[in-house]
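J.: Please find final_10.pdb (PDB, C-alpha atoms, pLDDT in the B column) on the next line:
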ATOM      1  CA  ASP A  84     -47.618 -20.032 -33.314  1.00 54.00           C
ATOM      2  CA  THR A  85     -46.749 -22.084 -36.396  1.00 76.00           C
ATOM      3  CA  GLY A  86     -42.983 -22.094 -36.049  1.00 94.00           C
ATOM      4  CA  VAL A  87     -40.625 -24.845 -37.183  1.00 97.00           C
ATOM      5  CA  SER A  88     -41.429 -28.097 -35.398  1.00 97.00           C
ATOM      6  CA  GLN A  89     -38.982 -30.959 -34.915  1.00 98.00           C
ATOM      7  CA  ASN A  90     -39.657 -34.425 -33.567  1.00 98.00           C
ATOM      8  CA  PRO A  91     -38.544 -36.124 -31.503  1.00 98.00           C
ATOM      9  CA  ARG A  92     -36.796 -33.619 -29.210  1.00 97.00           C
ATOM     10  CA  HIS A  93     -34.482 -36.298 -27.866  1.00 98.00           C
ATOM     11  CA  LYS A  94     -33.412 -39.686 -29.201  1.00 98.00           C
ATOM     12  CA  ILE A  95     -31.129 -42.216 -27.560  1.00 98.00           C
ATOM     13  CA  THR A  96     -30.124 -45.136 -29.756  1.00 98.00           C
ATOM     14  CA  LYS A  97     -27.647 -47.960 -29.744  1.00 98.00           C
ATOM     15  CA  ARG A  98     -24.741 -47.893 -32.158  1.00 98.00           C
ATOM     16  CA  GLY A  99     -25.673 -49.566 -35.412  1.00 98.00           C
ATOM     17  CA  GLN A 100     -29.374 -48.746 -35.239  1.00 98.00           C
ATOM     18  CA  ASN A 101     -31.205 -46.534 -37.738  1.00 98.00           C
ATOM     19  CA  VAL A 102     -32.927 -43.337 -36.658  1.00 98.00           C
ATOM     20  CA  THR A 103     -35.275 -40.926 -38.423  1.00 98.00           C
ATOM     21  CA  PHE A 104     -36.054 -37.337 -37.504  1.00 98.00           C
ATOM     22  CA  ARG A 105     -38.905 -35.202 -38.766  1.00 98.00           C
ATOM     23  CA  CYS A 106     -39.106 -31.477 -39.468  1.00 98.00           C
ATOM     24  CA  ASP A 107     -42.280 -29.514 -40.151  1.00 98.00           C
ATOM     25  CA  PRO A 108     -41.342 -26.079 -41.506  1.00 97.00           C
ATOM     26  CA  ILE A 109     -43.410 -22.915 -41.394  1.00 96.00           C
ATOM     27  CA  SER A 110     -46.210 -23.701 -43.836  1.00 93.00           C
ATOM     28  CA  GLU A 111     -45.519 -21.049 -46.461  1.00 91.00           C
ATOM     29  CA  HIS A 112     -41.746 -21.570 -46.454  1.00 93.00           C
ATOM     30  CA  ASN A 113     -40.560 -23.433 -49.536  1.00 92.00           C
ATOM     31  CA  ARG A 114     -36.896 -23.631 -48.471  1.00 94.00           C
ATOM     32  CA  LEU A 115     -35.768 -26.101 -45.822  1.00 96.00           C
ATOM     33  CA  TYR A 116     -32.314 -26.678 -44.363  1.00 96.00           C
ATOM     34  CA  TRP A 117     -30.759 -29.307 -42.108  1.00 97.00           C
ATOM     35  CA  TYR A 118     -27.801 -28.500 -39.872  1.00 97.00           C
ATOM     36  CA  ARG A 119     -25.827 -30.446 -37.285  1.00 97.00           C
ATOM     37  CA  GLN A 120     -24.511 -28.857 -34.103  1.00 97.00           C
ATOM     38  CA  THR A 121     -22.010 -30.466 -31.757  1.00 96.00           C
ATOM     39  CA  LEU A 122     -21.257 -29.214 -28.262  1.00 92.00           C
ATOM     40  CA  GLY A 123     -19.519 -25.859 -28.251  1.00 90.00           C
ATOM     41  CA  GLN A 124     -19.692 -25.420 -32.003  1.00 94.00           C
ATOM     42  CA  GLY A 125     -21.826 -23.501 -34.446  1.00 96.00           C
ATOM     43  CA  PRO A 126     -24.366 -25.227 -36.671  1.00 97.00           C
ATOM     44  CA  GLU A 127     -22.824 -27.009 -39.692  1.00 96.00           C
ATOM     45  CA  PHE A 128     -24.740 -27.185 -42.956  1.00 94.00           C
ATOM     46  CA  LEU A 129     -25.918 -30.636 -44.056  1.00 96.00           C
ATOM     47  CA  THR A 130     -28.448 -30.214 -46.858  1.00 95.00           C
ATOM     48  CA  TYR A 131     -30.952 -27.853 -48.487  1.00 94.00           C
ATOM     49  CA  PHE A 132     -34.324 -28.336 -50.168  1.00 95.00           C
ATOM     50  CA  GLN A 133     -36.279 -25.955 -52.323  1.00 93.00           C
ATOM     51  CA  ASN A 134     -39.773 -27.394 -52.438  1.00 94.00           C
ATOM     52  CA  GLU A 135     -39.221 -31.151 -52.920  1.00 94.00           C
ATOM     53  CA  ALA A 136     -35.882 -30.809 -54.719  1.00 94.00           C
ATOM     54  CA  GLN A 137     -32.697 -31.465 -52.745  1.00 94.00           C
ATOM     55  CA  LEU A 138     -30.413 -28.818 -54.218  1.00 91.00           C
ATOM     56  CA  GLU A 139     -27.278 -29.242 -52.161  1.00 90.00           C
ATOM     57  CA  LYS A 140     -25.642 -31.791 -49.880  1.00 92.00           C
ATOM     58  CA  SER A 141     -22.602 -31.168 -47.705  1.00 92.00           C
ATOM     59  CA  ARG A 142     -19.625 -33.491 -47.732  1.00 89.00           C
ATOM     60  CA  LEU A 143     -20.541 -34.004 -44.047  1.00 83.00           C
ATOM     61  CA  LEU A 144     -23.567 -35.954 -45.276  1.00 86.00           C
ATOM     62  CA  SER A 145     -22.062 -39.414 -45.685  1.00 90.00           C
ATOM     63  CA  ASP A 146     -23.882 -42.195 -47.523  1.00 93.00           C
ATOM     64  CA  ARG A 147     -25.361 -43.289 -44.191  1.00 96.00           C
ATOM     65  CA  PHE A 148     -27.412 -40.085 -44.151  1.00 97.00           C
ATOM     66  CA  SER A 149     -30.412 -39.463 -46.341  1.00 96.00           C
ATOM     67  CA  ALA A 150     -32.918 -36.639 -46.350  1.00 97.00           C
ATOM     68  CA  GLU A 151     -36.239 -36.346 -48.106  1.00 97.00           C
ATOM     69  CA  ARG A 152     -38.976 -33.798 -48.565  1.00 97.00           C
ATOM     70  CA  PRO A 153     -41.483 -35.795 -50.573  1.00 93.00           C
ATOM     71  CA  LYS A 154     -44.265 -33.266 -51.076  1.00 89.00           C
ATOM     72  CA  GLY A 155     -42.365 -30.096 -50.450  1.00 88.00           C
ATOM     73  CA  SER A 156     -43.778 -29.802 -46.939  1.00 92.00           C
ATOM     74  CA  PHE A 157     -42.276 -31.787 -44.055  1.00 97.00           C
ATOM     75  CA  SER A 158     -38.817 -33.338 -44.277  1.00 98.00           C
ATOM     76  CA  THR A 159     -37.165 -36.398 -42.767  1.00 98.00           C
ATOM     77  CA  LEU A 160     -33.516 -37.024 -42.015  1.00 98.00           C
ATOM     78  CA  GLU A 161     -32.497 -40.668 -41.641  1.00 98.00           C
ATOM     79  CA  ILE A 162     -29.197 -41.928 -40.280  1.00 98.00           C
ATOM     80  CA  GLN A 163     -28.433 -45.571 -40.934  1.00 98.00           C
ATOM     81  CA  ARG A 164     -26.013 -47.684 -38.884  1.00 98.00           C
ATOM     82  CA  THR A 165     -25.500 -44.917 -36.339  1.00 98.00           C
ATOM     83  CA  GLU A 166     -22.030 -44.304 -34.916  1.00 97.00           C
ATOM     84  CA  GLN A 167     -21.042 -42.555 -31.697  1.00 97.00           C
ATOM     85  CA  GLY A 168     -19.716 -39.669 -33.775  1.00 96.00           C
ATOM     86  CA  ASP A 169     -23.255 -39.012 -34.981  1.00 97.00           C
ATOM     87  CA  SER A 170     -24.210 -37.799 -31.498  1.00 98.00           C
ATOM     88  CA  ALA A 171     -25.203 -34.159 -31.961  1.00 97.00           C
ATOM     89  CA  MET A 172     -28.110 -31.745 -32.142  1.00 98.00           C
ATOM     90  CA  TYR A 173     -29.809 -31.903 -35.544  1.00 98.00           C
ATOM     91  CA  LEU A 174     -31.408 -28.588 -36.429  1.00 98.00           C
ATOM     92  CA  CYS A 175     -33.952 -27.856 -39.121  1.00 98.00           C
ATOM     93  CA  ALA A 176     -34.619 -24.378 -40.467  1.00 97.00           C
ATOM     94  CA  SER A 177     -36.953 -22.933 -43.045  1.00 96.00           C
ATOM     95  CA  SER A 178     -37.071 -19.759 -45.091  1.00 93.00           C
ATOM     96  CA  LEU A 179     -39.478 -18.085 -47.474  1.00 89.00           C
ATOM     97  CA  ARG A 180     -37.018 -16.012 -49.453  1.00 84.00           C
ATOM     98  CA  GLY A 181     -33.732 -17.860 -49.013  1.00 84.00           C
ATOM     99  CA  ALA A 182     -30.623 -17.721 -46.876  1.00 83.00           C
ATOM    100  CA  ASN A 183     -30.015 -14.068 -47.727  1.00 82.00           C
ATOM    101  CA  TYR A 184     -33.091 -13.192 -45.648  1.00 84.00           C
ATOM    102  CA  GLY A 185     -32.350 -15.426 -42.661  1.00 85.00           C
ATOM    103  CA  TYR A 186     -33.769 -18.676 -41.391  1.00 91.00           C
ATOM    104  CA  THR A 187     -36.236 -19.692 -38.703  1.00 95.00           C
ATOM    105  CA  PHE A 188     -34.852 -22.640 -36.747  1.00 97.00           C
ATOM    106  CA  GLY A 189     -36.666 -25.371 -34.889  1.00 97.00           C
ATOM    107  CA  SER A 190     -35.611 -26.439 -31.400  1.00 97.00           C
ATOM    108  CA  GLY A 191     -33.695 -29.410 -32.764  1.00 97.00           C
ATOM    109  CA  THR A 192     -33.471 -33.131 -32.136  1.00 98.00           C
ATOM    110  CA  ARG A 193     -30.708 -34.180 -29.763  1.00 97.00           C
ATOM    111  CA  LEU A 194     -29.300 -37.565 -30.760  1.00 98.00           C
ATOM    112  CA  THR A 195     -27.227 -39.643 -28.377  1.00 98.00           C
ATOM    113  CA  VAL A 196     -25.646 -42.826 -29.717  1.00 98.00           C
ATOM    114  CA  VAL A 197     -24.555 -45.231 -26.996  1.00 97.00           C
TER
ATOM    115  CA  GLY B  98     -15.319 -22.181 -49.290  1.00 75.00           C
ATOM    116  CA  GLU B  99     -16.490 -19.610 -46.802  1.00 82.00           C
ATOM    117  CA  ASN B 100     -15.011 -19.616 -43.332  1.00 91.00           C
ATOM    118  CA  VAL B 101     -16.311 -17.515 -40.448  1.00 96.00           C
ATOM    119  CA  GLU B 102     -14.076 -16.961 -37.429  1.00 97.00           C
ATOM    120  CA  GLN B 103     -15.568 -15.653 -34.175  1.00 98.00           C
ATOM    121  CA  HIS B 104     -14.037 -14.420 -30.930  1.00 97.00           C
ATOM    122  CA  PRO B 105     -14.019 -14.468 -28.013  1.00 98.00           C
ATOM    123  CA  SER B 106     -15.412 -17.927 -27.328  1.00 97.00           C
ATOM    124  CA  THR B 107     -16.546 -16.833 -23.866  1.00 98.00           C
ATOM    125  CA  LEU B 108     -17.325 -13.369 -22.523  1.00 98.00           C
ATOM    126  CA  SER B 109     -18.381 -12.290 -19.063  1.00 98.00           C
ATOM    127  CA  VAL B 110     -19.544  -8.719 -18.429  1.00 98.00           C
ATOM    128  CA  GLN B 111     -21.117  -6.864 -15.530  1.00 98.00           C
ATOM    129  CA  GLU B 112     -24.810  -6.150 -15.875  1.00 98.00           C
ATOM    130  CA  GLY B 113     -25.219  -2.742 -17.462  1.00 98.00           C
ATOM    131  CA  ASP B 114     -21.878  -2.832 -19.263  1.00 98.00           C
ATOM    132  CA  SER B 115     -21.411  -3.342 -22.996  1.00 98.00           C
ATOM    133  CA  ALA B 116     -20.423  -6.539 -24.787  1.00 98.00           C
ATOM    134  CA  VAL B 117     -18.661  -6.795 -28.141  1.00 98.00           C
ATOM    135  CA  ILE B 118     -18.283  -9.920 -30.276  1.00 98.00           C
ATOM    136  CA  LYS B 119     -16.099  -9.872 -33.371  1.00 98.00           C
ATOM    137  CA  CYS B 120     -16.089 -11.982 -36.515  1.00 98.00           C
ATOM    138  CA  THR B 121     -14.153 -12.258 -39.741  1.00 98.00           C
ATOM    139  CA  TYR B 122     -15.152 -13.932 -42.982  1.00 96.00           C
ATOM    140  CA  SER B 123     -13.113 -15.191 -45.889  1.00 93.00           C
ATOM    141  CA  ASP B 124     -15.327 -14.985 -48.986  1.00 90.00           C
ATOM    142  CA  SER B 125     -15.432 -11.453 -50.361  1.00 89.00           C
ATOM    143  CA  ALA B 126     -18.610 -12.388 -52.264  1.00 87.00           C
ATOM    144  CA  SER B 127     -20.589 -12.831 -49.032  1.00 90.00           C
ATOM    145  CA  ASN B 128     -23.269 -10.172 -48.814  1.00 89.00           C
ATOM    146  CA  TYR B 129     -25.518 -10.994 -45.858  1.00 92.00           C
ATOM    147  CA  PHE B 130     -24.416 -11.247 -42.236  1.00 95.00           C
ATOM    148  CA  PRO B 131     -26.975 -12.413 -39.663  1.00 96.00           C
ATOM    149  CA  TRP B 132     -26.474 -12.810 -35.932  1.00 98.00           C
ATOM    150  CA  TYR B 133     -28.233 -15.540 -33.968  1.00 98.00           C
ATOM    151  CA  LYS B 134     -28.848 -15.998 -30.248  1.00 98.00           C
ATOM    152  CA  GLN B 135     -29.200 -19.503 -28.845  1.00 97.00           C
ATOM    153  CA  GLU B 136     -30.594 -20.175 -25.397  1.00 96.00           C
ATOM    154  CA  LEU B 137     -30.255 -23.499 -23.628  1.00 92.00           C
ATOM    155  CA  GLY B 138     -32.368 -26.214 -25.202  1.00 89.00           C
ATOM    156  CA  LYS B 139     -33.551 -24.006 -28.060  1.00 92.00           C
ATOM    157  CA  GLY B 140     -32.644 -23.478 -31.676  1.00 95.00           C
ATOM    158  CA  PRO B 141     -30.782 -20.327 -32.785  1.00 97.00           C
ATOM    159  CA  GLN B 142     -32.938 -17.229 -33.134  1.00 96.00           C
ATOM    160  CA  LEU B 143     -32.189 -14.404 -35.570  1.00 96.00           C
ATOM    161  CA  ILE B 144     -31.671 -11.184 -33.613  1.00 97.00           C
ATOM    162  CA  ILE B 145     -30.231  -8.763 -36.173  1.00 97.00           C
ATOM    163  CA  ASP B 146     -28.670  -8.811 -39.619  1.00 95.00           C
ATOM    164  CA  ILE B 147     -26.728  -6.518 -41.932  1.00 95.00           C
ATOM    165  CA  ARG B 148     -26.174  -6.455 -45.661  1.00 91.00           C
ATOM    166  CA  SER B 149     -22.976  -5.608 -47.477  1.00 86.00           C
ATOM    167  CA  ASN B 150     -24.262  -2.269 -48.735  1.00 87.00           C
ATOM    168  CA  VAL B 151     -24.651  -0.992 -45.159  1.00 86.00           C
ATOM    169  CA  GLY B 152     -21.921  -0.193 -42.637  1.00 92.00           C
ATOM    170  CA  GLU B 153     -23.952  -0.149 -39.436  1.00 96.00           C
ATOM    171  CA  LYS B 154     -27.400  -1.104 -38.173  1.00 96.00           C
ATOM    172  CA  LYS B 155     -29.015  -0.591 -34.770  1.00 97.00           C
ATOM    173  CA  ASP B 156     -32.026  -2.112 -33.072  1.00 96.00           C
ATOM    174  CA  GLN B 157     -32.564  -0.811 -29.547  1.00 97.00           C
ATOM    175  CA  ARG B 158     -29.622  -2.088 -27.441  1.00 98.00           C
ATOM    176  CA  ILE B 159     -28.090  -4.114 -30.270  1.00 98.00           C
ATOM    177  CA  ALA B 160     -25.927  -2.819 -33.105  1.00 98.00           C
ATOM    178  CA  VAL B 161     -23.901  -4.469 -35.831  1.00 98.00           C
ATOM    179  CA  THR B 162     -21.047  -2.990 -37.846  1.00 98.00           C
ATOM    180  CA  LEU B 163     -19.515  -4.244 -41.074  1.00 97.00           C
ATOM    181  CA  ASN B 164     -16.134  -3.438 -42.607  1.00 96.00           C
ATOM    182  CA  LYS B 165     -16.183  -4.998 -46.074  1.00 94.00           C
ATOM    183  CA  THR B 166     -12.617  -4.031 -46.878  1.00 94.00           C
ATOM    184  CA  ALA B 167     -11.253  -5.808 -43.832  1.00 96.00           C
ATOM    185  CA  LYS B 168     -13.944  -8.524 -43.928  1.00 96.00           C
ATOM    186  CA  HIS B 169     -14.786  -7.859 -40.289  1.00 96.00           C
ATOM    187  CA  PHE B 170     -18.171  -7.530 -38.624  1.00 98.00           C
ATOM    188  CA  SER B 171     -19.123  -7.057 -34.992  1.00 98.00           C
ATOM    189  CA  LEU B 172     -22.058  -7.260 -32.608  1.00 98.00           C
ATOM    190  CA  HIS B 173     -22.406  -4.644 -29.881  1.00 98.00           C
ATOM    191  CA  ILE B 174     -24.837  -5.054 -26.977  1.00 98.00           C
ATOM    192  CA  THR B 175     -25.216  -2.049 -24.685  1.00 98.00           C
ATOM    193  CA  GLU B 176     -26.721  -1.859 -21.189  1.00 98.00           C
ATOM    194  CA  THR B 177     -26.558  -5.630 -20.849  1.00 98.00           C
ATOM    195  CA  GLN B 178     -29.273  -7.417 -18.901  1.00 98.00           C
ATOM    196  CA  PRO B 179     -29.443 -10.920 -17.378  1.00 97.00           C
ATOM    197  CA  GLU B 180     -31.643 -12.118 -20.238  1.00 97.00           C
ATOM    198  CA  ASP B 181     -28.807 -11.368 -22.659  1.00 98.00           C
ATOM    199  CA  SER B 182     -26.939 -14.407 -21.288  1.00 98.00           C
ATOM    200  CA  ALA B 183     -26.824 -16.933 -24.151  1.00 98.00           C
ATOM    201  CA  VAL B 184     -24.600 -18.200 -26.948  1.00 98.00           C
ATOM    202  CA  TYR B 185     -24.296 -15.811 -29.884  1.00 98.00           C
ATOM    203  CA  PHE B 186     -23.349 -16.864 -33.414  1.00 98.00           C
ATOM    204  CA  CYS B 187     -22.215 -14.679 -36.264  1.00 98.00           C
ATOM    205  CA  ALA B 188     -22.785 -15.965 -39.767  1.00 97.00           C
ATOM    206  CA  ALA B 189     -22.402 -15.149 -43.426  1.00 94.00           C
ATOM    207  CA  THR B 190     -24.151 -16.329 -46.516  1.00 89.00           C
ATOM    208  CA  LEU B 191     -22.314 -18.236 -49.168  1.00 70.00           C
ATOM    209  CA  SER B 192     -24.097 -18.129 -52.486  1.00 63.00           C
ATOM    210  CA  GLU B 193     -23.199 -20.740 -55.051  1.00 53.00           C
ATOM    211  CA  SER B 194     -25.170 -21.359 -58.228  1.00 46.00           C
ATOM    212  CA  SER B 195     -28.870 -21.603 -57.402  1.00 46.00           C
ATOM    213  CA  ALA B 196     -28.460 -22.406 -53.734  1.00 60.00           C
ATOM    214  CA  SER B 197     -27.365 -20.295 -50.847  1.00 79.00           C
ATOM    215  CA  LYS B 198     -26.749 -21.253 -47.277  1.00 88.00           C
ATOM    216  CA  ILE B 199     -25.622 -19.653 -44.039  1.00 92.00           C
ATOM    217  CA  ILE B 200     -22.191 -20.481 -42.625  1.00 93.00           C
ATOM    218  CA  PHE B 201     -21.880 -20.016 -38.867  1.00 96.00           C
ATOM    219  CA  GLY B 202     -19.042 -19.048 -36.576  1.00 97.00           C
ATOM    220  CA  SER B 203     -18.211 -21.211 -33.588  1.00 97.00           C
ATOM    221  CA  GLY B 204     -20.133 -19.094 -31.095  1.00 98.00           C
ATOM    222  CA  THR B 205     -19.557 -16.825 -28.092  1.00 98.00           C
ATOM    223  CA  ARG B 206     -20.977 -17.769 -24.708  1.00 98.00           C
ATOM    224  CA  LEU B 207     -22.002 -14.475 -23.082  1.00 98.00           C
ATOM    225  CA  SER B 208     -22.567 -14.384 -19.327  1.00 98.00           C
ATOM    226  CA  ILE B 209     -23.981 -11.319 -17.583  1.00 98.00           C
ATOM    227  CA  ARG B 210     -22.815 -10.955 -13.975  1.00 96.00           C
ATOM    228  CA  PRO B 211     -25.402  -9.397 -11.610  1.00 92.00           C
TER
END
Could you quickly redo this structure as structure tokens?
T.:
Amino acid sequence: DTGVSQNPRHKITKRGQNVTFRCDPISEHNRLYWYRQTLGQGPEFLTYFQNEAQLEKSRLLSDRFSAERPKGSFSTLEIQRTEQGDSAMYLCASSLRGANYGYTFGSGTRLTVV
Amino acid sequence: GENVEQHPSTLSVQEGDSAVIKCTYSDSASNYFPWYKQELGKGPQLIIDIRSNVGEKKDQRIAVTLNKTAKHFSLHITETQPEDSAVYFCAATLSESSASKIIFGSGTRLSIRP
């Protein structure tokens, strides 16, 4: 099964440290999305890539957050100078035909900032 | 921007009974309405979707209805089973310029009582 893979599954970090998450989408999917999910809430959109181009960024994505998809395959999401409010599940999804045909999500990376 | 409201936030039904989850959306331009199921420790999984040119869609025990005029859509699960226990999210696409993304409701935690 070549679903969406996210690593690591869990990350505990101290406030102020930098963290990086990786997402490997389904291989033929050229669209990749990052979402953040806090406890008891639905996923919130962060950013969207089509191939290597970052086409949209949410206002939730402060300047401490950066995402890349250098070769149009895997993507990384980096959070610099982490804050306790960054604690959440970070979800990656990919799609072949776009949001109007649904996404396939990974299992997420749960970040805890202590 | 698009806003998706979902209720109830929690729902408990007897095994074998039906469950109904209701959502409203704000952007009349939205044209795709997926429903996702999220089990503990996993990412959301697409279970059914409906487009704006259709009023109802069924897939075995699951059905979705859409009222475009009222901007309401609903998920109906019949003959509920223990494995239906999960968090369910309604969603709608918001298409802007060349990008589109899915906006999620806040979720309904469904519990099936044996």
J.: Name all residues at most 7 Å from stretch 111-119 of chain A (count all atoms listed in the file; drop same-chain ones fewer than 3 positions away) and give them as a ChimeraX atom specification.
T.: /A:108,126-134,155,171-179,181
J.: Could the residues in this selection be saved with C-alpha atoms as a compact mmCIF listing (two decimals), in the frame of the given file?
T.:
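Done, and the output landed in part-v5.txt:
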# COMPACT_ATOMS: atom_id res chain seq x y z
CA PRO A 108 -41.34 -26.08 -41.51
CA PRO A 126 -24.37 -25.23 -36.67
CA GLU A 127 -22.82 -27.01 -39.69
CA PHE A 128 -24.74 -27.18 -42.96
CA LEU A 129 -25.92 -30.64 -44.06
CA THR A 130 -28.45 -30.21 -46.86
CA TYR A 131 -30.95 -27.85 -48.49
CA PHE A 132 -34.32 -28.34 -50.17
CA GLN A 133 -36.28 -25.96 -52.32
CA ASN A 134 -39.77 -27.39 -52.44
CA GLY A 155 -42.36 -30.10 -50.45
CA ALA A 171 -25.20 -34.16 -31.96
CA MET A 172 -28.11 -31.74 -32.14
CA TYR A 173 -29.81 -31.90 -35.54
CA LEU A 174 -31.41 -28.59 -36.43
CA CYS A 175 -33.95 -27.86 -39.12
CA ALA A 176 -34.62 -24.38 -40.47
CA SER A 177 -36.95 -22.93 -43.04
CA SER A 178 -37.07 -19.76 -45.09
CA LEU A 179 -39.48 -18.08 -47.47
CA GLY A 181 -33.73 -17.86 -49.01
J.: Would you kindly return, as a ChimeraX atom specification, each protein, DNA or RNA residue with an atom no farther than 10 Å from any atom of A:Pro153, considering only C-alpha atoms and excluding same-chain residues fewer than 3 positions away?
T.: /A:134-136,150,156-159
J.: Restricting the calculation to only C-alpha atoms, which member of B:Glu112, B:Glu99, B:Glu176, B:Glu136 is positioned closest to B:Arg206?
T.: B:Glu136
J.: What does the distance from atom CA of A:Ile109 to atom CA of B:Asp146 come to in Å, to one decimal?
T.: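 Going from atom CA of A:Ile109 over to atom CA of B:Asp146, I get 20.5 Å.
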J.: What is the distance between atom CA of B:Arg148 and atom CA of A:Ser110, in Å to one decimal?
T.: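 The value is 26.5 Å.
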J.: Decode the PyMOL selection byres ((chain A) within 6 of (chain B)) for the given file into explicit residues and return them as a list in words.
T.: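 Taken on the displayed file, the PyMOL selection byres ((chain A) within 6 of (chain B)) yields the residues Gln124, Gly125, Ala182, Asn183, Phe188, Gly189 and Ser190 of chain A.
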J.: Suppose a student applies the PyMOL selection byres ((chain A and resi 101) around 9) to this structure; what residues should they get, written as a list in words?
T.: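 Given this file, the PyMOL selection byres ((chain A and resi 101) around 9) evaluates to Thr96, Lys97, Arg98, Gly99, Gln100, Val102, Thr103, Glu161, Ile162, Gln163, Arg164 and Thr165 of chain A.
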J.: In Å, how far is it from atom CA of B:Asn150 to atom CA of B:Gln103?
T.: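 Computed distance, atom CA of B:Asn150 to atom CA of B:Gln103, equals 21.6 Å.
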J.: Report as a list in words the residues that result from applying the PyMOL selection byres ((chain B and resi 117) around 10) to the structure here.
T.: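 Checking the PyMOL selection byres ((chain B and resi 117) around 10) against this file, the residues are His104, Pro105, Leu108, Val110, Ser115, Ala116, Ile118, Lys119, Ala160, Val161, Ser171, Leu172, His173, Ile174, Thr175 and Leu207 of chain B.
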J.: Mind checking which residues fall within 8 Å of A:Asp169, counting all atoms listed in the file, ignoring those fewer than 5 positions away in the same chain, and posting them as a CSV table (one decimal) with C-alpha atoms, in the frame of the given file?
T.:
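Below is the file part_36.csv, written as the result:
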chain,number,residue,atom,x,y,z
A,194,LEU,CA,-29.3,-37.6,-30.8
A,195,THR,CA,-27.2,-39.6,-28.4
A,196,VAL,CA,-25.6,-42.8,-29.7
J.: With distances taken over all atoms listed in the file, which residue among A:Thr187, A:Thr121, A:Val197, A:His93 lies nearest A:Gln167?
T.: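 The answer is A:Val197, which sits nearest to A:Gln167.
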J.: Would you compute an axis-aligned box for stretch 140-159 of chain B, covering every atom listed for it in the file with 3 Å of margin on each side, and report centre and edge lengths in Å to one decimal as AutoDock Vina command-line options?
T.:
--center_x -27.4 --center_y -11.8 --center_z -38.1 --size_x 17.0 --size_y 29.3 --size_z 27.3
